[in-house]
Each structure stands twice: as structure tokens, then as C-alpha cells.
Amino acid sequence: MKKLLLTLAGAVFSLCASALTVTPDQLTVPGASTIDGFTVDIQKQNGQTAPQVFGEALRTYAKNTVTISGSKITKVVFTLSDSGSKRYTTFTPSTGEYTAAQAEGDTQLTWTGDAASVTFTVGDKATMGSDGDTKAGQIHIASIQIEGEGGTGETPEPVEGEYRITASEITVPGVSNVEGFNFNVEQGEGGTAPMFHGNTKAIRLYAKNTISVEAEELTKITFVLSSDANFRYTVVTPSVGEITPAQAAGDTEFTWVGNAQEVVFTVGEIATLGEESDKNGQIRFTELVIEGTPGEVVEVPTPELPSFVLATSVEAGKKYVLAADGKVAASLGTKTYGYLSMAAATFDGNICKTAEANAFTFTPEGDAYYMQDAEGFYYYQTGTYNSFNKSEDVPEEGGLWTISVAEDGAATITNTSVKKIISYSTTFTSYGSYAEVGENILPTLYVYDETVGVAAVEAAENAAVEYFNLQGVRVANPSNGLYIRRQGNQVSKVLVK
């Protein structure tokens, strides 16, 4: 009998007890995660709201599903988060039964049965919560304990000649070498730079962006798409070879075949295969499965993260991050509303370093500002909840914010319509907009500083220059060809004649 423990707030692994603890960022939400032979698949299904990890809890909403699979599942214990008591609802299993019927005030649910897979479906209305059946149901999960047979826990042997590379291993944008394969992700002629999206663990390539793959030999590349890829799905044009079968709406992956040392993929301009077919195209993928022969593994230095310095005012067109509790606010990602979760950052005196995807801009309108994330979406407030709403177009109401910044960088950002103030909640570890700051924390504002970037470039310019061919082999005297040039932490692809 094997036993797997998934709790969403730590990490412990024991081969003897087959126990594993994962943090929220180790789960694909929505999506499937396989851990020690068990698979936990969390999906939106026919619900209005996609599941998400918020703080230390997995929040599933009306009609969402959680499917747990393995060789044999005999017991599942859900430990519930008290944050879900107001919207508590039924959580119906597809097979087996609960040892005690669900009831208002539950802190745990214990399922027993004998199945290779069991699906739990969230009820439509909050029939067991204090908000009552006029509200949509929710189940907030703090941990999942699974008993059964889920496999050996050993990493399966890779298929010969096949390499699986996750999106998080690839530098975006920029040049990287992973397992002997060279990747170059560029903005190209597009209006939006490519980015890595932490919540879905996916690389997002926007209209006209490119990604090139280089090796000693390439014969097959499969792009495994993220669970939200179909919103803006579009065609991809390879420089050589072909996509087979042809891409189509609803794809979960697509495959290139050919025989080349390099292939460049260009993203289509319009989302012709997506649900939002009149929008700009995107490709969102979590993994590349490559068949071929890699070159030499080259340690390409990790690019320096952008530097932001403490701000004392706001200027149009500049990029800002909102910091608190050693982290910075992240965008809403694929969600159209919600609280701003926190993203990783490092701090050194008055300098904050974090990914450019976490930056916001403020566009003036009279004495106030519109607030936009790195993808250009507007953030606004309706006053109904303390969370934010997000729109691709300028909001008709609630989109303007007044901003005052103190000498220590503390920013008071107030919505002009509903008078709510953006602040960080230490209870929920996220940013919202509240009528009173109370025990919350005002964000500390940092602005992107070009001079720090210039200093980094100057330092790199004094470092020795190295060249590598497309297979990753160092070349002392390059001539007549395409090479990777490395100087300090600056990496680029150059043509030598």
C-alpha cells in the first residue's frame, strides 16, 4: 500500500512512506500534475470561473473538477481551508463514497473506494456555506492525502533520442542552452515581448514572436500546449519542415517534423484557431518534446533581471513594481478578476530585481492614472468586491486611480470612483483594493532604472568574448557562419562573414 500526501504549503518527500508535499507553484492549475505516480488533474469544465491557487489553498469553483488517478486509489482525504466556509458546497465523487456525509462546518472530507480514477465535481450553489444557495459554490482545499498504488515513484527512463524540456528551463526572451539544444526566443516584428507565465508554467509567444531551436540534428518537435492555450490559439509557421497534422482549433499539442540543424517558428498575427478569433494570436506551451541529436551542453549565464529603484513619484510611460513582504505584485494572468498574488523578487538597499512581466505602467488622464499590466490590460474597481477587474479596453468606470508617493516609496493609490485604496493583506498574502488600509500595508513603489541596466552592459563589455557554434561547441576563431556570442551575462546570435 502506497500513501501520498499532498499539502499545498511545503515540501517533504519520503521514499519509505511514499509521502510528498508540494507548494502551489508545483501544481498546474488548471491542468494535470503527476507526482510519485499519482495524477491530480484540476479543470474548469463547464464552470464560469477557472480554479486557482490563492495563498496556501487550492480554490475550486462551481462545476470545476478534481480528478485523482493512479494504479489503484483506495482513500482520499481532503483537508479544507477555512477560507471556503462561506461558499461551501457539495463535492461529488464519480465513484466510491464519503465515510461521513458532507455537512456545514466540515474541516475534512474522507473518500473511500477502489478505483484507478475518481473525479470530484464542485456543486453549483453554496448549499452548505454561510452565504447560502443564492451564491455559487466553492471548495477550498488545503491538502490532499491519497492512499493506494500510484506507481514506483521512480523517474521513468526517457525514450531514446527523445528530450523533454519544460518551459521554465528556457530563457524568455533570450538565448539559452538546455541539454545541448539552443533556444532563442525573440519579440521579432511583434508588438508584445514573449514572457514566461508563472501561474500556468507556460511560455507565451505573442503575434509575430519567434522561437528558434538548434542542434546537431532535429527530426521532430512537439509543442505541448497549456490548458488555457485555446483562447488566442493561432497558426505557427516553421522556417523548414512542416507541422503535421495541420493545426486545428482545440489542439492540446502540435508537432513539427523535418530534418534540420535549425528551425525557426513564427507566431501567426490573428487568433484564427482560438475562441477569441478576432484577437491577436498567441501560442502558450508548457513543454517541448524534441527528437534528434543535441550538441554540447553549454552553460549560458542566466540573464540579469531588470533593476527597479525606489520611486518617490510617478511618471507616464515608466515601468513600476508594487512591493511588500519581500515580494512584488503579479498580474492577474489569464483571470479577468481577482486579487494580485505575489511574485519573487530580490532586494538590495533601494534596488529591487524582478521579472519585467511583474511591472505595471500608469497612464495619466487629468489628475489621475490608468493602471496597466505588462500585457497592456487595464485594472479597475467596481466597488462590489475588494478584488480587481481586468479589461483589454479602457474601462468606462472605475479605471482611474490617484497616486501619491512618500519619500520612502510608500504609495497611496486610490480609485477615483469607489475611493478604495490598493494595499497588501498580510492575512491573504495578496494585493486588493480596500475602503480602509487598516492593518494592511501600502505598496512600496519601485521604478525601472535604465542606468542600472547601462552599468550591467558596461560591465559585460569588459568581459572576455566567447563564441559557440549552433551545436554548442566553443569556437576559438569563428568565420563564415552563424554563432552564439557570449560576453559576461550578455548572450546573442551573430553572423560572422
# chains A, B, ... in the order shown; residues from 1 in each chain; ligands from 1
>>> residues_around(residues="A:Val405", least_positions_apart="4", cutoff="6 Å", atoms="only C-alpha atoms", output="ChimeraX atom specification")
/A:312-313,409-411
>>> select_by_dssp(residues="stretch 231-392 of chain A", states="strand (DSSP E or B)", output="MDAnalysis selection string")
chainID A and resid 233 236:238 242:243 253:267 270 280 282:293 307:310 319:324 327:329 337:338 340 342:343 346:348 351:353 360:365 368:372 378:380 388:391
>>> residues_around(residues="A:Val475", least_positions_apart="5", cutoff="12 Å", atoms="only C-alpha atoms", output="PyMOL selection string")
chain A and resi 465-470+481-486
>>> write_last_selection(atoms="N, CA, C and O atoms", output="compact mmCIF listing (two decimals), in the first residue's frame")
# COMPACT_ATOMS: atom_id res chain seq x y z
N VAL A 465 35.13 37.73 -24.66
CA VAL A 465 34.11 37.28 -25.61
C VAL A 465 34.38 35.82 -25.98
O VAL A 465 35.52 35.44 -26.25
N GLU A 466 33.31 35.01 -25.96
CA GLU A 466 33.41 33.61 -26.37
C GLU A 466 32.41 33.34 -27.48
O GLU A 466 31.32 33.94 -27.50
N TYR A 467 32.76 32.43 -28.38
CA TYR A 467 31.86 32.06 -29.47
C TYR A 467 31.60 30.55 -29.43
O TYR A 467 32.49 29.76 -29.08
N PHE A 468 30.36 30.16 -29.79
CA PHE A 468 29.97 28.76 -29.87
C PHE A 468 29.25 28.56 -31.19
O PHE A 468 28.53 29.45 -31.66
N ASN A 469 29.43 27.37 -31.79
CA ASN A 469 28.64 27.09 -32.99
C ASN A 469 27.22 26.69 -32.58
O ASN A 469 26.90 26.63 -31.40
N LEU A 470 26.38 26.40 -33.56
CA LEU A 470 24.98 26.12 -33.26
C LEU A 470 24.79 24.80 -32.53
O LEU A 470 23.70 24.53 -31.99
N GLY A 481 29.78 32.10 -40.84
CA GLY A 481 28.67 31.30 -40.30
C GLY A 481 27.94 32.00 -39.18
O GLY A 481 28.27 33.12 -38.78
N LEU A 482 26.95 31.28 -38.65
CA LEU A 482 26.12 31.79 -37.56
C LEU A 482 26.63 31.21 -36.25
O LEU A 482 26.85 30.00 -36.14
N TYR A 483 26.82 32.08 -35.25
CA TYR A 483 27.40 31.65 -33.98
C TYR A 483 26.64 32.28 -32.81
O TYR A 483 25.94 33.29 -32.96
N ILE A 484 26.81 31.65 -31.63
CA ILE A 484 26.33 32.24 -30.38
C ILE A 484 27.50 32.99 -29.76
O ILE A 484 28.58 32.42 -29.57
N ARG A 485 27.29 34.26 -29.47
CA ARG A 485 28.33 35.11 -28.88
C ARG A 485 27.99 35.34 -27.41
O ARG A 485 26.88 35.76 -27.08
N ARG A 486 28.93 35.06 -26.52
CA ARG A 486 28.72 35.27 -25.09
C ARG A 486 29.80 36.21 -24.54
O ARG A 486 30.99 36.00 -24.75
>>> atom_distance(atom1="atom CA of A:Val77", atom2="atom CA of A:Thr112")
8.7 Å
>>> closest_residue(among="A:Ala50, A:Leu340, A:Ala316, A:Met195", to="A:Ser433", atoms="only C-alpha atoms")
A:Leu340
>>> closest_atom_pairs(of="stretch 117-223 of chain A", to="stretch 352-358 of chain A", cutoff="12 Å", atoms="only C-alpha atoms", output="Markdown table")
| residue | atom | partner | partner_atom | distance |
| --- | --- | --- | --- | --- |
| A:Thr171 | CA | A:Ala355 | CA | 11.6 |
| A:Val172 | CA | A:Ala355 | CA | 10.1 |
| A:Pro173 | CA | A:Glu356 | CA | 10.6 |
| A:Thr192 | CA | A:Ala357 | CA | 11.2 |
| A:Ala193 | CA | A:Ala357 | CA | 9.6 |
| A:Pro194 | CA | A:Ala357 | CA | 9.4 |
| A:Met195 | CA | A:Ala357 | CA | 6.8 |
| A:Phe196 | CA | A:Ala357 | CA | 8.0 |
| A:His197 | CA | A:Ala357 | CA | 8.2 |
| A:Gly198 | CA | A:Ala357 | CA | 9.7 |
| A:Ile203 | CA | A:Ala357 | CA | 11.8 |
| A:Arg204 | CA | A:Ala357 | CA | 11.2 |
>>> closest_residue(among="A:Asn480, A:Thr266, A:Ser404, A:Thr416", to="A:Leu445", atoms="only C-alpha atoms")
A:Ser404
>>> closest_residue(among="A:Lys319, A:Lys75, A:Arg59, A:Lys208", to="A:Gln138", atoms="only C-alpha atoms")
A:Arg59
>>> residues_around(residues="A:Gly113", least_positions_apart="5", cutoff="10 Å", atoms="only C-alpha atoms", output="PDB file with all heavy atoms, in the first residue's frame")
ATOM      1  N   LYS A  72      -4.226   2.291  -8.420  1.00  0.00           N
ATOM      2  CA  LYS A  72      -5.338   1.928  -7.549  1.00  0.00           C
ATOM      3  C   LYS A  72      -5.483   3.001  -6.489  1.00  0.00           C
ATOM      4  O   LYS A  72      -4.535   3.286  -5.761  1.00  0.00           O
ATOM      5  CB  LYS A  72      -5.077   0.566  -6.905  1.00  0.00           C
ATOM      6  CG  LYS A  72      -6.209   0.073  -6.020  1.00  0.00           C
ATOM      7  CD  LYS A  72      -5.886  -1.312  -5.484  1.00  0.00           C
ATOM      8  CE  LYS A  72      -7.049  -1.856  -4.662  1.00  0.00           C
ATOM      9  NZ  LYS A  72      -6.776  -3.228  -4.142  1.00  0.00           N
ATOM     10  N   ILE A  73      -6.677   3.593  -6.380  1.00  0.00           N
ATOM     11  CA  ILE A  73      -6.959   4.606  -5.367  1.00  0.00           C
ATOM     12  C   ILE A  73      -7.951   4.000  -4.381  1.00  0.00           C
ATOM     13  O   ILE A  73      -9.027   3.534  -4.780  1.00  0.00           O
ATOM     14  CB  ILE A  73      -7.569   5.887  -5.977  1.00  0.00           C
ATOM     15  CG1 ILE A  73      -6.723   6.388  -7.161  1.00  0.00           C
ATOM     16  CG2 ILE A  73      -7.723   6.963  -4.911  1.00  0.00           C
ATOM     17  CD1 ILE A  73      -5.349   6.850  -6.791  1.00  0.00           C
ATOM     18  N   THR A  74      -7.604   3.996  -3.078  1.00  0.00           N
ATOM     19  CA  THR A  74      -8.495   3.412  -2.067  1.00  0.00           C
ATOM     20  C   THR A  74      -8.997   4.432  -1.047  1.00  0.00           C
ATOM     21  O   THR A  74     -10.032   4.211  -0.421  1.00  0.00           O
ATOM     22  CB  THR A  74      -7.777   2.279  -1.304  1.00  0.00           C
ATOM     23  OG1 THR A  74      -6.584   2.809  -0.701  1.00  0.00           O
ATOM     24  CG2 THR A  74      -7.405   1.148  -2.246  1.00  0.00           C
ATOM     25  N   LYS A  75      -8.280   5.535  -0.879  1.00  0.00           N
ATOM     26  CA  LYS A  75      -8.698   6.525   0.107  1.00  0.00           C
ATOM     27  C   LYS A  75      -8.145   7.897  -0.272  1.00  0.00           C
ATOM     28  O   LYS A  75      -6.987   8.019  -0.672  1.00  0.00           O
ATOM     29  CB  LYS A  75      -8.202   6.130   1.506  1.00  0.00           C
ATOM     30  CG  LYS A  75      -8.677   7.047   2.631  1.00  0.00           C
ATOM     31  CD  LYS A  75      -8.170   6.519   3.982  1.00  0.00           C
ATOM     32  CE  LYS A  75      -8.634   7.381   5.136  1.00  0.00           C
ATOM     33  NZ  LYS A  75      -8.140   6.868   6.444  1.00  0.00           N
ATOM     34  N   VAL A  76      -9.004   8.909  -0.164  1.00  0.00           N
ATOM     35  CA  VAL A  76      -8.580  10.293  -0.404  1.00  0.00           C
ATOM     36  C   VAL A  76      -9.149  11.144   0.724  1.00  0.00           C
ATOM     37  O   VAL A  76     -10.357  11.102   0.997  1.00  0.00           O
ATOM     38  CB  VAL A  76      -9.101  10.839  -1.756  1.00  0.00           C
ATOM     39  CG1 VAL A  76      -8.653  12.280  -1.947  1.00  0.00           C
ATOM     40  CG2 VAL A  76      -8.611   9.972  -2.920  1.00  0.00           C
ATOM     41  N   THR A  95     -17.254   7.913  -8.209  1.00  0.00           N
ATOM     42  CA  THR A  95     -17.349   6.536  -7.734  1.00  0.00           C
ATOM     43  C   THR A  95     -16.967   6.528  -6.262  1.00  0.00           C
ATOM     44  O   THR A  95     -16.420   7.512  -5.752  1.00  0.00           O
ATOM     45  CB  THR A  95     -16.426   5.601  -8.553  1.00  0.00           C
ATOM     46  OG1 THR A  95     -16.627   4.257  -8.147  1.00  0.00           O
ATOM     47  CG2 THR A  95     -14.966   5.972  -8.366  1.00  0.00           C
ATOM     48  N   GLY A  96     -17.242   5.431  -5.558  1.00  0.00           N
ATOM     49  CA  GLY A  96     -16.931   5.377  -4.136  1.00  0.00           C
ATOM     50  C   GLY A  96     -17.844   6.279  -3.335  1.00  0.00           C
ATOM     51  O   GLY A  96     -18.862   6.778  -3.827  1.00  0.00           O
ATOM     52  N   GLU A  97     -17.480   6.529  -2.049  1.00  0.00           N
ATOM     53  CA  GLU A  97     -18.341   7.330  -1.187  1.00  0.00           C
ATOM     54  C   GLU A  97     -17.537   7.962  -0.053  1.00  0.00           C
ATOM     55  O   GLU A  97     -16.415   7.539   0.239  1.00  0.00           O
ATOM     56  CB  GLU A  97     -19.447   6.457  -0.592  1.00  0.00           C
ATOM     57  CG  GLU A  97     -18.923   5.312   0.259  1.00  0.00           C
ATOM     58  CD  GLU A  97     -20.037   4.428   0.780  1.00  0.00           C
ATOM     59  OE1 GLU A  97     -21.201   4.715   0.492  1.00  0.00           O
ATOM     60  OE2 GLU A  97     -19.719   3.436   1.471  1.00  0.00           O
ATOM     61  N   TYR A  98     -18.123   8.970   0.562  1.00  0.00           N
ATOM     62  CA  TYR A  98     -17.521   9.578   1.742  1.00  0.00           C
ATOM     63  C   TYR A  98     -17.872   8.744   2.974  1.00  0.00           C
ATOM     64  O   TYR A  98     -18.997   8.200   3.082  1.00  0.00           O
ATOM     65  CB  TYR A  98     -18.028  11.010   1.934  1.00  0.00           C
ATOM     66  CG  TYR A  98     -17.512  11.985   0.894  1.00  0.00           C
ATOM     67  CD1 TYR A  98     -18.394  12.681   0.074  1.00  0.00           C
ATOM     68  CD2 TYR A  98     -16.150  12.199   0.737  1.00  0.00           C
ATOM     69  CE1 TYR A  98     -17.922  13.573  -0.883  1.00  0.00           C
ATOM     70  CE2 TYR A  98     -15.670  13.079  -0.216  1.00  0.00           C
ATOM     71  CZ  TYR A  98     -16.564  13.765  -1.030  1.00  0.00           C
ATOM     72  OH  TYR A  98     -16.089  14.642  -1.971  1.00  0.00           O
ATOM     73  N   THR A  99     -16.953   8.642   3.918  1.00  0.00           N
ATOM     74  CA  THR A  99     -17.216   7.871   5.140  1.00  0.00           C
ATOM     75  C   THR A  99     -18.251   8.568   6.015  1.00  0.00           C
ATOM     76  O   THR A  99     -18.938   7.916   6.801  1.00  0.00           O
ATOM     77  CB  THR A  99     -15.922   7.676   5.942  1.00  0.00           C
ATOM     78  OG1 THR A  99     -15.345   8.963   6.223  1.00  0.00           O
ATOM     79  CG2 THR A  99     -14.920   6.850   5.154  1.00  0.00           C
ATOM     80  N   VAL A 118     -10.835   8.706  -9.829  1.00  0.00           N
ATOM     81  CA  VAL A 118     -12.061   9.229  -9.247  1.00  0.00           C
ATOM     82  C   VAL A 118     -12.088  10.736  -9.483  1.00  0.00           C
ATOM     83  O   VAL A 118     -11.088  11.425  -9.308  1.00  0.00           O
ATOM     84  CB  VAL A 118     -12.171   8.907  -7.736  1.00  0.00           C
ATOM     85  CG1 VAL A 118     -10.951   9.367  -6.976  1.00  0.00           C
ATOM     86  CG2 VAL A 118     -13.445   9.512  -7.151  1.00  0.00           C
ATOM     87  N   GLY A 148      -3.210   4.364  -1.866  1.00  0.00           N
ATOM     88  CA  GLY A 148      -3.443   3.459  -2.980  1.00  0.00           C
ATOM     89  C   GLY A 148      -2.138   3.086  -3.633  1.00  0.00           C
ATOM     90  O   GLY A 148      -1.084   3.111  -2.997  1.00  0.00           O
TER      91      GLY A 148
END
>>> closest_residue(among="A:Lys327, A:Ala103, A:Gly137, A:Lys63", to="A:Gly84", atoms="only C-alpha atoms")
A:Gly137
>>> residues_around(residues="A:Ala246", least_positions_apart="6", cutoff="10 Å", atoms="only C-alpha atoms", output="ChimeraX atom specification")
/A:235,254-256
>>> write_last_selection(atoms="C-alpha atoms", output="short mmCIF file (atom, residue, chain, number, x, y, z; two decimals), in the first residue's frame")
data_model
loop_
_atom_site.label_atom_id
_atom_site.label_comp_id
_atom_site.auth_asym_id
_atom_site.auth_seq_id
_atom_site.Cartn_x
_atom_site.Cartn_y
_atom_site.Cartn_z
CA VAL A 235 -1.00 29.09 -36.57
CA PHE A 254 1.12 20.22 -32.35
CA THR A 255 4.14 18.57 -33.96
CA TRP A 256 6.84 19.70 -36.39
#
